[in-house]
Amino acid sequence: METASVLLQSRTIPFGFNLKCNQIVSCRHFNKQFQSKGFYSHQSLKPIQNPSSFSLLPSPLHKTRTQFFSPLKCSFSDIPSSDSPNPLLKPFKNLSFDSVKSSLSELTPIKIVKWATIVSLGIAATKWTVNLAFSPFFWMYFSWSWLFWPWFVAIALAVYGLYCFRKHSIGEASIVEQLAIVTSVFAWLTLVPPAYFNGYLEGWPFVFFFVYHYFFFFNVSVRKRLYGDYCARPHDPKWDVNPPKWYRLLFCVGVMVGHWLAAFEAPELHRIPGGWSNVGVWILIVVTLLMQYNSTLYLAKYSEKVVVPTAVVQFGPYRCVRHPVYASTMLLFATYCLALRAPLSLMFVVAVCLMYYEQKAKLEEVLMVETFGESYLEYASKVRCKFIPFVY
């Protein structure tokens with residue numbers, strides 16, 4: 001059996017090894033092939049004193065060497081190998097002038113406009129991203145504003161809130177999902193508008209974010225106090241008095257616009273004075289919370305399942321106005337605008353609330369007259385103010 005020595009070039013010490021067996025050997029990356037009788041890797045590696053004397057000459061087989069590796073079976077030929085083509089070049093394999101010409105001839109004006117728009121948007125997005133990434137102003141200032149209120153959190157919260165609202169509309173929302181609806185709405189009312197117009201958040205927006213939660217959970221807390229849980233009870237649907245859906249939608253849009261106008265009209269958050277100048281705002285917050293809680297509690301005491309009234313309530317806040325729950329909601333929105341020093345937005349929000357609650361109160365009072373008759377008419381003649389004390 002014949003063997004052959006192969007040189008391994010090294011910068012320090014050249015080595016050689018023996019090849020045997022009738023195998024075809026290939027040296028890849030060089031596209032060079034030579035034919036040998038094969039090789040076994042168990043042959044000895046030993047320094048070659050004179051590399052220039054290397055040749056493929058027969059050498060004796062050393063049977064005493066231990067075989068550490070299995071024989072390698074490699075095929076060699078005089079033609080460069082193409083069994084594993086580059087996947088990046090595969091689309092261009094059959095590319096020719098005729099194929100390009102035929103593809104261009106199939107283009108329509110609509111396709112040209114579509115691809116031109118896609119390319120333009122891609123270039124614009126890339127340019128905007130690169131400019132933002134290399135802008136020192138962004139890294140020195142806006143990164144801190146993202147720490148206070150990152151936009152991707154606001155958008156994600158809004159999307160999740162809409163998803164939970166869809167489940168709530170079909171009666172499948174859990175307690176956590178209902179809380180997510182309320183939190184997403186209050187975030188876009190109190191946090192997102194100031195963060196957008198100021199680039200950061202501090203002070204009153206954080207305060208009112210928690211005040212709004214506390215305010216609108218009084219109704220739930222009353223259910224917990226009376227029934228031991230937070231679930232609404234079944235009741236006569238005739239007491240679910242509401243204006244048309246489009247009117248309610250306009251009211252929601254008006255409230256949202258009013259909060260954004262307040263953030264736009266208000267001075268920068270760090271310019272809003274603090275200290276004793278805000279004592280009046282804190283007093284209004286406390287009055288608003290007490291009015292909402294007492295109104296809900298007194299109404300629940302004289303109602304069945306919190307919703308259906310069993311008597312005309314004439315105690316607590318109901319001695320001053322006939323609809324203190326709606327009045328406290330208007331006062332809450334007005335206090336938010338007052339805290340941000342936005343008087344024009346305050347008037348806008350109050351006008352939106354008055355138009356909506358006026359229609360809602362009319363429907364409720366018609367139902368109260370049908371249910372309690374002279375008793376409610378006597379109460380209405382005694383308490384003439386609907387929402388605002390001393391304003392008839």
# chains A, B, ... in the order shown; residues from 1 in each chain; ligands from 1

call {"tool": "select_by_dssp", "arguments": {"residues": "region 107-218 of chain A", "states": "helix (DSSP H, G or I)", "output": "PyMOL selection string"}}
result
chain A and resi 109-133+136-148+151-169+175-198+204-216+218

call {"tool": "residues_around", "arguments": {"residues": "Tyr326 (chain A)", "least_positions_apart": "5", "cutoff": "12 Å", "atoms": "only C-alpha atoms", "output": "PDB file with all heavy atoms, in the first residue's frame"}}
result
ATOM      1  N   PHE A 216     -63.398  58.364  40.428  1.00  0.00           N
ATOM      2  CA  PHE A 216     -64.314  57.513  39.670  1.00  0.00           C
ATOM      3  C   PHE A 216     -64.457  56.107  40.252  1.00  0.00           C
ATOM      4  O   PHE A 216     -65.253  55.322  39.737  1.00  0.00           O
ATOM      5  CB  PHE A 216     -63.869  57.434  38.215  1.00  0.00           C
ATOM      6  CG  PHE A 216     -64.177  58.686  37.433  1.00  0.00           C
ATOM      7  CD1 PHE A 216     -63.199  59.649  37.238  1.00  0.00           C
ATOM      8  CD2 PHE A 216     -65.429  58.910  36.918  1.00  0.00           C
ATOM      9  CE1 PHE A 216     -63.479  60.809  36.531  1.00  0.00           C
ATOM     10  CE2 PHE A 216     -65.723  60.062  36.207  1.00  0.00           C
ATOM     11  CZ  PHE A 216     -64.735  61.016  36.013  1.00  0.00           C
ATOM     12  N   THR A 288     -64.360  68.348  45.871  1.00  0.00           N
ATOM     13  CA  THR A 288     -64.843  67.498  44.776  1.00  0.00           C
ATOM     14  C   THR A 288     -64.956  66.046  45.212  1.00  0.00           C
ATOM     15  O   THR A 288     -65.969  65.369  44.946  1.00  0.00           O
ATOM     16  CB  THR A 288     -63.897  67.613  43.572  1.00  0.00           C
ATOM     17  OG1 THR A 288     -63.815  68.983  43.160  1.00  0.00           O
ATOM     18  CG2 THR A 288     -64.382  66.765  42.417  1.00  0.00           C
ATOM     19  N   MET A 291     -67.832  65.629  47.747  1.00  0.00           N
ATOM     20  CA  MET A 291     -69.134  65.732  47.088  1.00  0.00           C
ATOM     21  C   MET A 291     -69.466  64.445  46.325  1.00  0.00           C
ATOM     22  O   MET A 291     -70.600  63.946  46.411  1.00  0.00           O
ATOM     23  CB  MET A 291     -69.144  66.924  46.131  1.00  0.00           C
ATOM     24  CG  MET A 291     -70.480  67.131  45.427  1.00  0.00           C
ATOM     25  SD  MET A 291     -70.446  68.458  44.203  1.00  0.00           S
ATOM     26  CE  MET A 291     -70.135  69.869  45.277  1.00  0.00           C
ATOM     27  N   GLN A 292     -68.490  63.908  45.618  1.00  0.00           N
ATOM     28  CA  GLN A 292     -68.740  62.681  44.864  1.00  0.00           C
ATOM     29  C   GLN A 292     -69.039  61.519  45.797  1.00  0.00           C
ATOM     30  O   GLN A 292     -69.981  60.751  45.572  1.00  0.00           O
ATOM     31  CB  GLN A 292     -67.521  62.356  43.989  1.00  0.00           C
ATOM     32  CG  GLN A 292     -67.546  60.989  43.333  1.00  0.00           C
ATOM     33  CD  GLN A 292     -68.560  60.892  42.206  1.00  0.00           C
ATOM     34  OE1 GLN A 292     -69.277  61.844  41.909  1.00  0.00           O
ATOM     35  NE2 GLN A 292     -68.624  59.732  41.572  1.00  0.00           N
ATOM     36  N   SER A 295     -72.455  62.022  47.630  1.00  0.00           N
ATOM     37  CA  SER A 295     -73.573  61.886  46.692  1.00  0.00           C
ATOM     38  C   SER A 295     -73.828  60.424  46.370  1.00  0.00           C
ATOM     39  O   SER A 295     -74.989  59.953  46.384  1.00  0.00           O
ATOM     40  CB  SER A 295     -73.269  62.667  45.413  1.00  0.00           C
ATOM     41  OG  SER A 295     -73.032  64.024  45.682  1.00  0.00           O
ATOM     42  N   THR A 296     -72.776  59.683  46.096  1.00  0.00           N
ATOM     43  CA  THR A 296     -72.937  58.263  45.773  1.00  0.00           C
ATOM     44  C   THR A 296     -73.442  57.477  46.974  1.00  0.00           C
ATOM     45  O   THR A 296     -74.311  56.594  46.846  1.00  0.00           O
ATOM     46  CB  THR A 296     -71.599  57.686  45.290  1.00  0.00           C
ATOM     47  OG1 THR A 296     -71.096  58.478  44.215  1.00  0.00           O
ATOM     48  CG2 THR A 296     -71.765  56.259  44.806  1.00  0.00           C
ATOM     49  N   PRO A 317     -75.364  66.435  49.813  1.00  0.00           N
ATOM     50  CA  PRO A 317     -75.218  67.371  48.696  1.00  0.00           C
ATOM     51  C   PRO A 317     -76.514  67.620  47.940  1.00  0.00           C
ATOM     52  O   PRO A 317     -76.637  68.629  47.237  1.00  0.00           O
ATOM     53  CB  PRO A 317     -74.177  66.689  47.788  1.00  0.00           C
ATOM     54  CG  PRO A 317     -73.477  65.718  48.666  1.00  0.00           C
ATOM     55  CD  PRO A 317     -74.495  65.277  49.677  1.00  0.00           C
ATOM     56  N   TYR A 318     -77.501  66.710  48.097  1.00  0.00           N
ATOM     57  CA  TYR A 318     -78.776  66.883  47.389  1.00  0.00           C
ATOM     58  C   TYR A 318     -79.598  68.038  47.956  1.00  0.00           C
ATOM     59  O   TYR A 318     -80.609  68.415  47.373  1.00  0.00           O
ATOM     60  CB  TYR A 318     -79.581  65.579  47.451  1.00  0.00           C
ATOM     61  CG  TYR A 318     -78.987  64.479  46.600  1.00  0.00           C
ATOM     62  CD1 TYR A 318     -78.063  63.591  47.146  1.00  0.00           C
ATOM     63  CD2 TYR A 318     -79.327  64.353  45.268  1.00  0.00           C
ATOM     64  CE1 TYR A 318     -77.507  62.591  46.367  1.00  0.00           C
ATOM     65  CE2 TYR A 318     -78.780  63.349  44.492  1.00  0.00           C
ATOM     66  CZ  TYR A 318     -77.852  62.474  45.041  1.00  0.00           C
ATOM     67  OH  TYR A 318     -77.293  61.489  44.270  1.00  0.00           O
ATOM     68  N   VAL A 321     -77.895  70.944  45.292  1.00  0.00           N
ATOM     69  CA  VAL A 321     -78.141  70.765  43.854  1.00  0.00           C
ATOM     70  C   VAL A 321     -78.858  69.440  43.653  1.00  0.00           C
ATOM     71  O   VAL A 321     -78.723  68.506  44.452  1.00  0.00           O
ATOM     72  CB  VAL A 321     -76.826  70.791  43.040  1.00  0.00           C
ATOM     73  CG1 VAL A 321     -76.198  72.172  43.059  1.00  0.00           C
ATOM     74  CG2 VAL A 321     -75.842  69.748  43.554  1.00  0.00           C
ATOM     75  N   LEU A 331     -66.855  69.794  38.364  1.00  0.00           N
ATOM     76  CA  LEU A 331     -65.915  70.488  39.242  1.00  0.00           C
ATOM     77  C   LEU A 331     -64.525  69.854  39.166  1.00  0.00           C
ATOM     78  O   LEU A 331     -63.513  70.561  39.246  1.00  0.00           O
ATOM     79  CB  LEU A 331     -66.437  70.465  40.678  1.00  0.00           C
ATOM     80  CG  LEU A 331     -65.609  71.227  41.717  1.00  0.00           C
ATOM     81  CD1 LEU A 331     -65.483  72.694  41.335  1.00  0.00           C
ATOM     82  CD2 LEU A 331     -66.225  71.069  43.107  1.00  0.00           C
ATOM     83  N   LEU A 332     -64.466  68.549  38.993  1.00  0.00           N
ATOM     84  CA  LEU A 332     -63.169  67.877  38.851  1.00  0.00           C
ATOM     85  C   LEU A 332     -62.440  68.346  37.596  1.00  0.00           C
ATOM     86  O   LEU A 332     -61.245  68.692  37.648  1.00  0.00           O
ATOM     87  CB  LEU A 332     -63.383  66.365  38.815  1.00  0.00           C
ATOM     88  CG  LEU A 332     -62.125  65.516  38.601  1.00  0.00           C
ATOM     89  CD1 LEU A 332     -61.199  65.624  39.806  1.00  0.00           C
ATOM     90  CD2 LEU A 332     -62.487  64.064  38.327  1.00  0.00           C
ATOM     91  N   PHE A 333     -63.143  68.359  36.461  1.00  0.00           N
ATOM     92  CA  PHE A 333     -62.516  68.813  35.219  1.00  0.00           C
ATOM     93  C   PHE A 333     -62.106  70.289  35.315  1.00  0.00           C
ATOM     94  O   PHE A 333     -61.032  70.683  34.831  1.00  0.00           O
ATOM     95  CB  PHE A 333     -63.474  68.614  34.050  1.00  0.00           C
ATOM     96  CG  PHE A 333     -63.796  67.178  33.760  1.00  0.00           C
ATOM     97  CD1 PHE A 333     -64.989  66.822  33.124  1.00  0.00           C
ATOM     98  CD2 PHE A 333     -62.926  66.163  34.127  1.00  0.00           C
ATOM     99  CE1 PHE A 333     -65.292  65.499  32.861  1.00  0.00           C
ATOM    100  CE2 PHE A 333     -63.221  64.828  33.861  1.00  0.00           C
ATOM    101  CZ  PHE A 333     -64.406  64.504  33.235  1.00  0.00           C
ATOM    102  N   VAL A 350     -66.416  73.067  30.922  1.00  0.00           N
ATOM    103  CA  VAL A 350     -67.673  73.257  31.659  1.00  0.00           C
ATOM    104  C   VAL A 350     -68.852  73.366  30.691  1.00  0.00           C
ATOM    105  O   VAL A 350     -69.931  72.808  30.944  1.00  0.00           O
ATOM    106  CB  VAL A 350     -67.568  74.500  32.555  1.00  0.00           C
ATOM    107  CG1 VAL A 350     -68.930  74.847  33.141  1.00  0.00           C
ATOM    108  CG2 VAL A 350     -66.562  74.263  33.677  1.00  0.00           C
ATOM    109  N   CYS A 353     -69.692  69.844  29.439  1.00  0.00           N
ATOM    110  CA  CYS A 353     -70.375  69.067  30.478  1.00  0.00           C
ATOM    111  C   CYS A 353     -71.810  69.554  30.688  1.00  0.00           C
ATOM    112  O   CYS A 353     -72.732  68.742  30.886  1.00  0.00           O
ATOM    113  CB  CYS A 353     -69.595  69.153  31.784  1.00  0.00           C
ATOM    114  SG  CYS A 353     -67.993  68.322  31.764  1.00  0.00           S
ATOM    115  N   LEU A 354     -72.033  70.871  30.678  1.00  0.00           N
ATOM    116  CA  LEU A 354     -73.385  71.393  30.871  1.00  0.00           C
ATOM    117  C   LEU A 354     -74.325  70.947  29.763  1.00  0.00           C
ATOM    118  O   LEU A 354     -75.483  70.555  30.027  1.00  0.00           O
ATOM    119  CB  LEU A 354     -73.340  72.917  30.946  1.00  0.00           C
ATOM    120  CG  LEU A 354     -72.825  73.531  32.259  1.00  0.00           C
ATOM    121  CD1 LEU A 354     -72.729  75.044  32.140  1.00  0.00           C
ATOM    122  CD2 LEU A 354     -73.729  73.137  33.427  1.00  0.00           C
ATOM    123  N   MET A 355     -73.854  70.968  28.515  1.00  0.00           N
ATOM    124  CA  MET A 355     -74.721  70.541  27.405  1.00  0.00           C
ATOM    125  C   MET A 355     -75.081  69.067  27.514  1.00  0.00           C
ATOM    126  O   MET A 355     -76.231  68.667  27.266  1.00  0.00           O
ATOM    127  CB  MET A 355     -74.038  70.841  26.069  1.00  0.00           C
ATOM    128  CG  MET A 355     -73.978  72.306  25.720  1.00  0.00           C
ATOM    129  SD  MET A 355     -73.369  72.609  24.041  1.00  0.00           S
ATOM    130  CE  MET A 355     -71.682  72.031  24.200  1.00  0.00           C
ATOM    131  N   TYR A 356     -74.116  68.237  27.913  1.00  0.00           N
ATOM    132  CA  TYR A 356     -74.394  66.801  27.987  1.00  0.00           C
ATOM    133  C   TYR A 356     -75.256  66.471  29.206  1.00  0.00           C
ATOM    134  O   TYR A 356     -76.280  65.766  29.094  1.00  0.00           O
ATOM    135  CB  TYR A 356     -73.083  66.030  28.054  1.00  0.00           C
ATOM    136  CG  TYR A 356     -73.277  64.545  28.241  1.00  0.00           C
ATOM    137  CD1 TYR A 356     -73.698  63.744  27.185  1.00  0.00           C
ATOM    138  CD2 TYR A 356     -73.054  63.943  29.482  1.00  0.00           C
ATOM    139  CE1 TYR A 356     -73.892  62.377  27.363  1.00  0.00           C
ATOM    140  CE2 TYR A 356     -73.238  62.590  29.666  1.00  0.00           C
ATOM    141  CZ  TYR A 356     -73.658  61.815  28.607  1.00  0.00           C
ATOM    142  OH  TYR A 356     -73.853  60.467  28.785  1.00  0.00           O
ATOM    143  N   TYR A 357     -74.858  66.963  30.378  1.00  0.00           N
ATOM    144  CA  TYR A 357     -75.592  66.610  31.597  1.00  0.00           C
ATOM    145  C   TYR A 357     -76.977  67.247  31.634  1.00  0.00           C
ATOM    146  O   TYR A 357     -77.875  66.744  32.334  1.00  0.00           O
ATOM    147  CB  TYR A 357     -74.781  67.012  32.826  1.00  0.00           C
ATOM    148  CG  TYR A 357     -73.580  66.123  33.058  1.00  0.00           C
ATOM    149  CD1 TYR A 357     -72.315  66.658  33.296  1.00  0.00           C
ATOM    150  CD2 TYR A 357     -73.711  64.738  33.035  1.00  0.00           C
ATOM    151  CE1 TYR A 357     -71.223  65.850  33.507  1.00  0.00           C
ATOM    152  CE2 TYR A 357     -72.622  63.912  33.238  1.00  0.00           C
ATOM    153  CZ  TYR A 357     -71.379  64.479  33.473  1.00  0.00           C
ATOM    154  OH  TYR A 357     -70.293  63.659  33.671  1.00  0.00           O
ATOM    155  N   GLU A 358     -77.182  68.346  30.929  1.00  0.00           N
ATOM    156  CA  GLU A 358     -78.520  68.933  30.850  1.00  0.00           C
ATOM    157  C   GLU A 358     -79.483  67.961  30.166  1.00  0.00           C
ATOM    158  O   GLU A 358     -80.618  67.754  30.643  1.00  0.00           O
ATOM    159  CB  GLU A 358     -78.458  70.253  30.090  1.00  0.00           C
ATOM    160  CG  GLU A 358     -79.787  70.948  29.918  1.00  0.00           C
ATOM    161  CD  GLU A 358     -80.339  71.468  31.224  1.00  0.00           C
ATOM    162  OE1 GLU A 358     -79.535  71.736  32.146  1.00  0.00           O
ATOM    163  OE2 GLU A 358     -81.577  71.605  31.336  1.00  0.00           O
ATOM    164  N   GLN A 359     -79.050  67.352  29.066  1.00  0.00           N
ATOM    165  CA  GLN A 359     -79.903  66.378  28.384  1.00  0.00           C
ATOM    166  C   GLN A 359     -80.114  65.125  29.238  1.00  0.00           C
ATOM    167  O   GLN A 359     -81.218  64.582  29.321  1.00  0.00           O
ATOM    168  CB  GLN A 359     -79.277  65.999  27.041  1.00  0.00           C
ATOM    169  CG  GLN A 359     -79.162  67.157  26.067  1.00  0.00           C
ATOM    170  CD  GLN A 359     -80.525  67.709  25.683  1.00  0.00           C
ATOM    171  OE1 GLN A 359     -81.492  66.968  25.528  1.00  0.00           O
ATOM    172  NE2 GLN A 359     -80.603  69.027  25.527  1.00  0.00           N
ATOM    173  N   LYS A 360     -79.056  64.668  29.876  1.00  0.00           N
ATOM    174  CA  LYS A 360     -79.159  63.475  30.708  1.00  0.00           C
ATOM    175  C   LYS A 360     -80.059  63.724  31.917  1.00  0.00           C
ATOM    176  O   LYS A 360     -80.861  62.867  32.301  1.00  0.00           O
ATOM    177  CB  LYS A 360     -77.764  63.040  31.162  1.00  0.00           C
ATOM    178  CG  LYS A 360     -77.702  61.693  31.855  1.00  0.00           C
ATOM    179  CD  LYS A 360     -76.267  61.297  32.120  1.00  0.00           C
ATOM    180  CE  LYS A 360     -76.185  60.004  32.926  1.00  0.00           C
ATOM    181  NZ  LYS A 360     -76.724  58.848  32.186  1.00  0.00           N
ATOM    182  N   ALA A 361     -79.939  64.909  32.532  1.00  0.00           N
ATOM    183  CA  ALA A 361     -80.757  65.227  33.699  1.00  0.00           C
ATOM    184  C   ALA A 361     -82.236  65.331  33.327  1.00  0.00           C
ATOM    185  O   ALA A 361     -83.110  64.933  34.121  1.00  0.00           O
ATOM    186  CB  ALA A 361     -80.268  66.525  34.330  1.00  0.00           C
ATOM    187  N   LYS A 386     -79.649  72.804  39.427  1.00  0.00           N
ATOM    188  CA  LYS A 386     -79.356  71.457  38.929  1.00  0.00           C
ATOM    189  C   LYS A 386     -77.929  71.027  39.205  1.00  0.00           C
ATOM    190  O   LYS A 386     -77.678  69.935  39.726  1.00  0.00           O
ATOM    191  CB  LYS A 386     -79.628  71.401  37.411  1.00  0.00           C
ATOM    192  CG  LYS A 386     -81.093  71.328  37.030  1.00  0.00           C
ATOM    193  CD  LYS A 386     -81.217  71.089  35.547  1.00  0.00           C
ATOM    194  CE  LYS A 386     -82.678  70.924  35.147  1.00  0.00           C
ATOM    195  NZ  LYS A 386     -82.810  70.648  33.681  1.00  0.00           N
ATOM    196  N   PHE A 387     -76.968  71.857  38.831  1.00  0.00           N
ATOM    197  CA  PHE A 387     -75.570  71.476  38.912  1.00  0.00           C
ATOM    198  C   PHE A 387     -74.725  72.432  39.755  1.00  0.00           C
ATOM    199  O   PHE A 387     -73.909  72.004  40.567  1.00  0.00           O
ATOM    200  CB  PHE A 387     -74.952  71.365  37.515  1.00  0.00           C
ATOM    201  CG  PHE A 387     -75.758  70.558  36.550  1.00  0.00           C
ATOM    202  CD1 PHE A 387     -76.441  71.151  35.513  1.00  0.00           C
ATOM    203  CD2 PHE A 387     -75.855  69.194  36.717  1.00  0.00           C
ATOM    204  CE1 PHE A 387     -77.189  70.412  34.627  1.00  0.00           C
ATOM    205  CE2 PHE A 387     -76.611  68.432  35.827  1.00  0.00           C
ATOM    206  CZ  PHE A 387     -77.277  69.046  34.779  1.00  0.00           C
ATOM    207  N   ILE A 388     -74.934  73.727  39.543  1.00  0.00           N
ATOM    208  CA  ILE A 388     -74.085  74.740  40.183  1.00  0.00           C
ATOM    209  C   ILE A 388     -74.930  75.489  41.205  1.00  0.00           C
ATOM    210  O   ILE A 388     -76.021  76.000  40.852  1.00  0.00           O
ATOM    211  CB  ILE A 388     -73.508  75.703  39.146  1.00  0.00           C
ATOM    212  CG1 ILE A 388     -72.737  74.922  38.073  1.00  0.00           C
ATOM    213  CG2 ILE A 388     -72.592  76.732  39.799  1.00  0.00           C
ATOM    214  CD1 ILE A 388     -72.232  75.773  36.940  1.00  0.00           C
TER     215      ILE A 388
END

call {"tool": "residues_around", "arguments": {"residues": "Tyr376 (chain A)", "least_positions_apart": "3", "cutoff": "12 Å", "atoms": "only C-alpha atoms", "output": "mmCIF file with N, CA, C and O atoms, in the first residue's frame"}}
result
data_model
loop_
_atom_site.group_PDB
_atom_site.id
_atom_site.type_symbol
_atom_site.label_atom_id
_atom_site.label_comp_id
_atom_site.auth_asym_id
_atom_site.auth_seq_id
_atom_site.Cartn_x
_atom_site.Cartn_y
_atom_site.Cartn_z
ATOM 1 N N PRO A 309 -83.650 53.959 42.455
ATOM 2 C CA PRO A 309 -84.010 54.723 43.659
ATOM 3 C C PRO A 309 -85.340 54.250 44.242
ATOM 4 O O PRO A 309 -86.268 53.889 43.523
ATOM 5 N N THR A 310 -85.390 54.251 45.562
ATOM 6 C CA THR A 310 -86.621 53.883 46.262
ATOM 7 C C THR A 310 -87.292 55.072 46.933
ATOM 8 O O THR A 310 -88.392 54.940 47.462
ATOM 9 N N ALA A 311 -86.603 56.225 46.943
ATOM 10 C CA ALA A 311 -87.163 57.447 47.536
ATOM 11 C C ALA A 311 -86.425 58.635 46.946
ATOM 12 O O ALA A 311 -85.364 58.489 46.317
ATOM 13 N N VAL A 312 -86.987 59.800 47.139
ATOM 14 C CA VAL A 312 -86.343 61.030 46.680
ATOM 15 C C VAL A 312 -85.316 61.443 47.731
ATOM 16 O O VAL A 312 -85.663 61.737 48.883
ATOM 17 N N VAL A 313 -84.045 61.436 47.337
ATOM 18 C CA VAL A 313 -82.964 61.762 48.268
ATOM 19 C C VAL A 313 -82.895 63.274 48.426
ATOM 20 O O VAL A 313 -82.770 64.015 47.442
ATOM 21 N N GLN A 314 -82.963 63.733 49.695
ATOM 22 C CA GLN A 314 -82.931 65.162 49.971
ATOM 23 C C GLN A 314 -81.902 65.498 51.053
ATOM 24 O O GLN A 314 -82.012 66.524 51.720
ATOM 25 N N ARG A 322 -79.620 69.335 42.584
ATOM 26 C CA ARG A 322 -80.399 68.118 42.339
ATOM 27 C C ARG A 322 -79.564 66.999 41.735
ATOM 28 O O ARG A 322 -79.952 65.828 41.819
ATOM 29 N N GLU A 364 -83.642 61.850 33.210
ATOM 30 C CA GLU A 364 -83.767 61.275 34.544
ATOM 31 C C GLU A 364 -84.921 61.897 35.321
ATOM 32 O O GLU A 364 -85.644 61.186 36.044
ATOM 33 N N GLU A 365 -85.090 63.198 35.194
ATOM 34 C CA GLU A 365 -86.150 63.855 35.951
ATOM 35 C C GLU A 365 -87.535 63.451 35.449
ATOM 36 O O GLU A 365 -88.487 63.353 36.237
ATOM 37 N N VAL A 366 -87.673 63.213 34.154
ATOM 38 C CA VAL A 366 -88.951 62.705 33.634
ATOM 39 C C VAL A 366 -89.270 61.354 34.255
ATOM 40 O O VAL A 366 -90.415 61.073 34.676
ATOM 41 N N LEU A 367 -88.265 60.512 34.370
ATOM 42 C CA LEU A 367 -88.463 59.189 34.972
ATOM 43 C C LEU A 367 -88.759 59.313 36.467
ATOM 44 O O LEU A 367 -89.580 58.553 37.018
ATOM 45 N N MET A 368 -88.103 60.242 37.145
ATOM 46 C CA MET A 368 -88.364 60.439 38.579
ATOM 47 C C MET A 368 -89.786 60.946 38.817
ATOM 48 O O MET A 368 -90.464 60.516 39.785
ATOM 49 N N VAL A 369 -90.269 61.828 37.954
ATOM 50 C CA VAL A 369 -91.651 62.318 38.097
ATOM 51 C C VAL A 369 -92.632 61.182 37.861
ATOM 52 O O VAL A 369 -93.648 61.060 38.564
ATOM 53 N N GLU A 370 -92.368 60.326 36.892
ATOM 54 C CA GLU A 370 -93.248 59.179 36.634
ATOM 55 C C GLU A 370 -93.260 58.219 37.812
ATOM 56 O O GLU A 370 -94.291 57.586 38.094
ATOM 57 N N THR A 371 -92.145 58.115 38.508
ATOM 58 C CA THR A 371 -92.046 57.148 39.607
ATOM 59 C C THR A 371 -92.553 57.710 40.929
ATOM 60 O O THR A 371 -93.304 57.042 41.657
ATOM 61 N N PHE A 372 -92.166 58.956 41.271
ATOM 62 C CA PHE A 372 -92.476 59.505 42.592
ATOM 63 C C PHE A 372 -93.502 60.635 42.559
ATOM 64 O O PHE A 372 -93.959 61.084 43.611
ATOM 65 N N GLY A 373 -93.850 61.127 41.377
ATOM 66 C CA GLY A 373 -94.924 62.113 41.248
ATOM 67 C C GLY A 373 -94.667 63.403 41.991
ATOM 68 O O GLY A 373 -93.631 64.058 41.836
ATOM 69 N N TYR A 379 -89.660 68.447 45.668
ATOM 70 C CA TYR A 379 -88.205 68.568 45.877
ATOM 71 C C TYR A 379 -87.577 69.476 44.820
ATOM 72 O O TYR A 379 -86.719 70.316 45.141
ATOM 73 N N ALA A 380 -88.012 69.369 43.551
ATOM 74 C CA ALA A 380 -87.455 70.198 42.487
ATOM 75 C C ALA A 380 -87.801 71.670 42.679
ATOM 76 O O ALA A 380 -86.992 72.550 42.340
ATOM 77 N N SER A 381 -88.970 71.938 43.235
ATOM 78 C CA SER A 381 -89.321 73.336 43.482
ATOM 79 C C SER A 381 -88.541 73.904 44.665
ATOM 80 O O SER A 381 -88.288 75.114 44.730
ATOM 81 N N LYS A 382 -88.150 73.028 45.580
ATOM 82 C CA LYS A 382 -87.385 73.484 46.740
ATOM 83 C C LYS A 382 -85.911 73.677 46.377
ATOM 84 O O LYS A 382 -85.282 74.664 46.788
ATOM 85 N N VAL A 383 -85.338 72.740 45.651
ATOM 86 C CA VAL A 383 -83.933 72.813 45.220
ATOM 87 C C VAL A 383 -83.954 73.109 43.728
ATOM 88 O O VAL A 383 -84.106 72.212 42.888
ATOM 89 N N ARG A 384 -83.806 74.358 43.387
ATOM 90 C CA ARG A 384 -83.942 74.775 41.984
ATOM 91 C C ARG A 384 -82.651 74.627 41.191
ATOM 92 O O ARG A 384 -82.682 74.682 39.963
#

call {"tool": "atom_distance", "arguments": {"atom1": "CA of Val192 (chain A)", "atom2": "CA of Ala133 (chain A)"}}
result
23.5 Å

call {"tool": "residues_around", "arguments": {"residues": "Ser184 (chain A)", "least_positions_apart": "6", "cutoff": "8 Å", "atoms": "only C-alpha atoms", "output": "ChimeraX atom specification"}}
result
/A:154,157-158,161

call {"tool": "write_last_selection", "arguments": {"atoms": "all heavy atoms", "output": "tab-separated table (two decimals), in the first residue's frame"}}
result
chain	number	residue	atom	x	y	z
A	154	ALA	N	-47.44	54.89	26.28
A	154	ALA	CA	-48.75	55.53	26.13
A	154	ALA	C	-49.56	54.87	25.01
A	154	ALA	O	-50.75	54.58	25.17
A	154	ALA	CB	-48.58	57.02	25.85
A	157	LEU	N	-50.57	51.34	26.02
A	157	LEU	CA	-51.67	51.39	27.00
A	157	LEU	C	-52.99	51.73	26.33
A	157	LEU	O	-54.04	51.17	26.68
A	157	LEU	CB	-51.34	52.43	28.07
A	157	LEU	CG	-52.28	52.51	29.27
A	157	LEU	CD1	-52.31	51.19	30.02
A	157	LEU	CD2	-51.85	53.63	30.20
A	158	ALA	N	-52.96	52.62	25.34
A	158	ALA	CA	-54.20	52.96	24.63
A	158	ALA	C	-54.72	51.77	23.83
A	158	ALA	O	-55.93	51.50	23.83
A	158	ALA	CB	-53.94	54.15	23.70
A	161	GLY	N	-56.16	49.32	26.22
A	161	GLY	CA	-57.43	49.82	26.74
A	161	GLY	C	-58.57	49.63	25.76
A	161	GLY	O	-59.69	49.28	26.16

call {"tool": "residues_around", "arguments": {"residues": "region 266-283 of chain A", "least_positions_apart": "2", "cutoff": "6 Å", "atoms": "only C-alpha atoms", "output": "ChimeraX atom specification"}}
result
/A:262-264,285-286,340-342

call {"tool": "atom_distance", "arguments": {"atom1": "CA of Ala300 (chain A)", "atom2": "CA of Gly316 (chain A)"}}
result
12.4 Å

call {"tool": "atom_distance", "arguments": {"atom1": "CA of Phe218 (chain A)", "atom2": "CA of Pro324 (chain A)"}}
result
13.6 Å
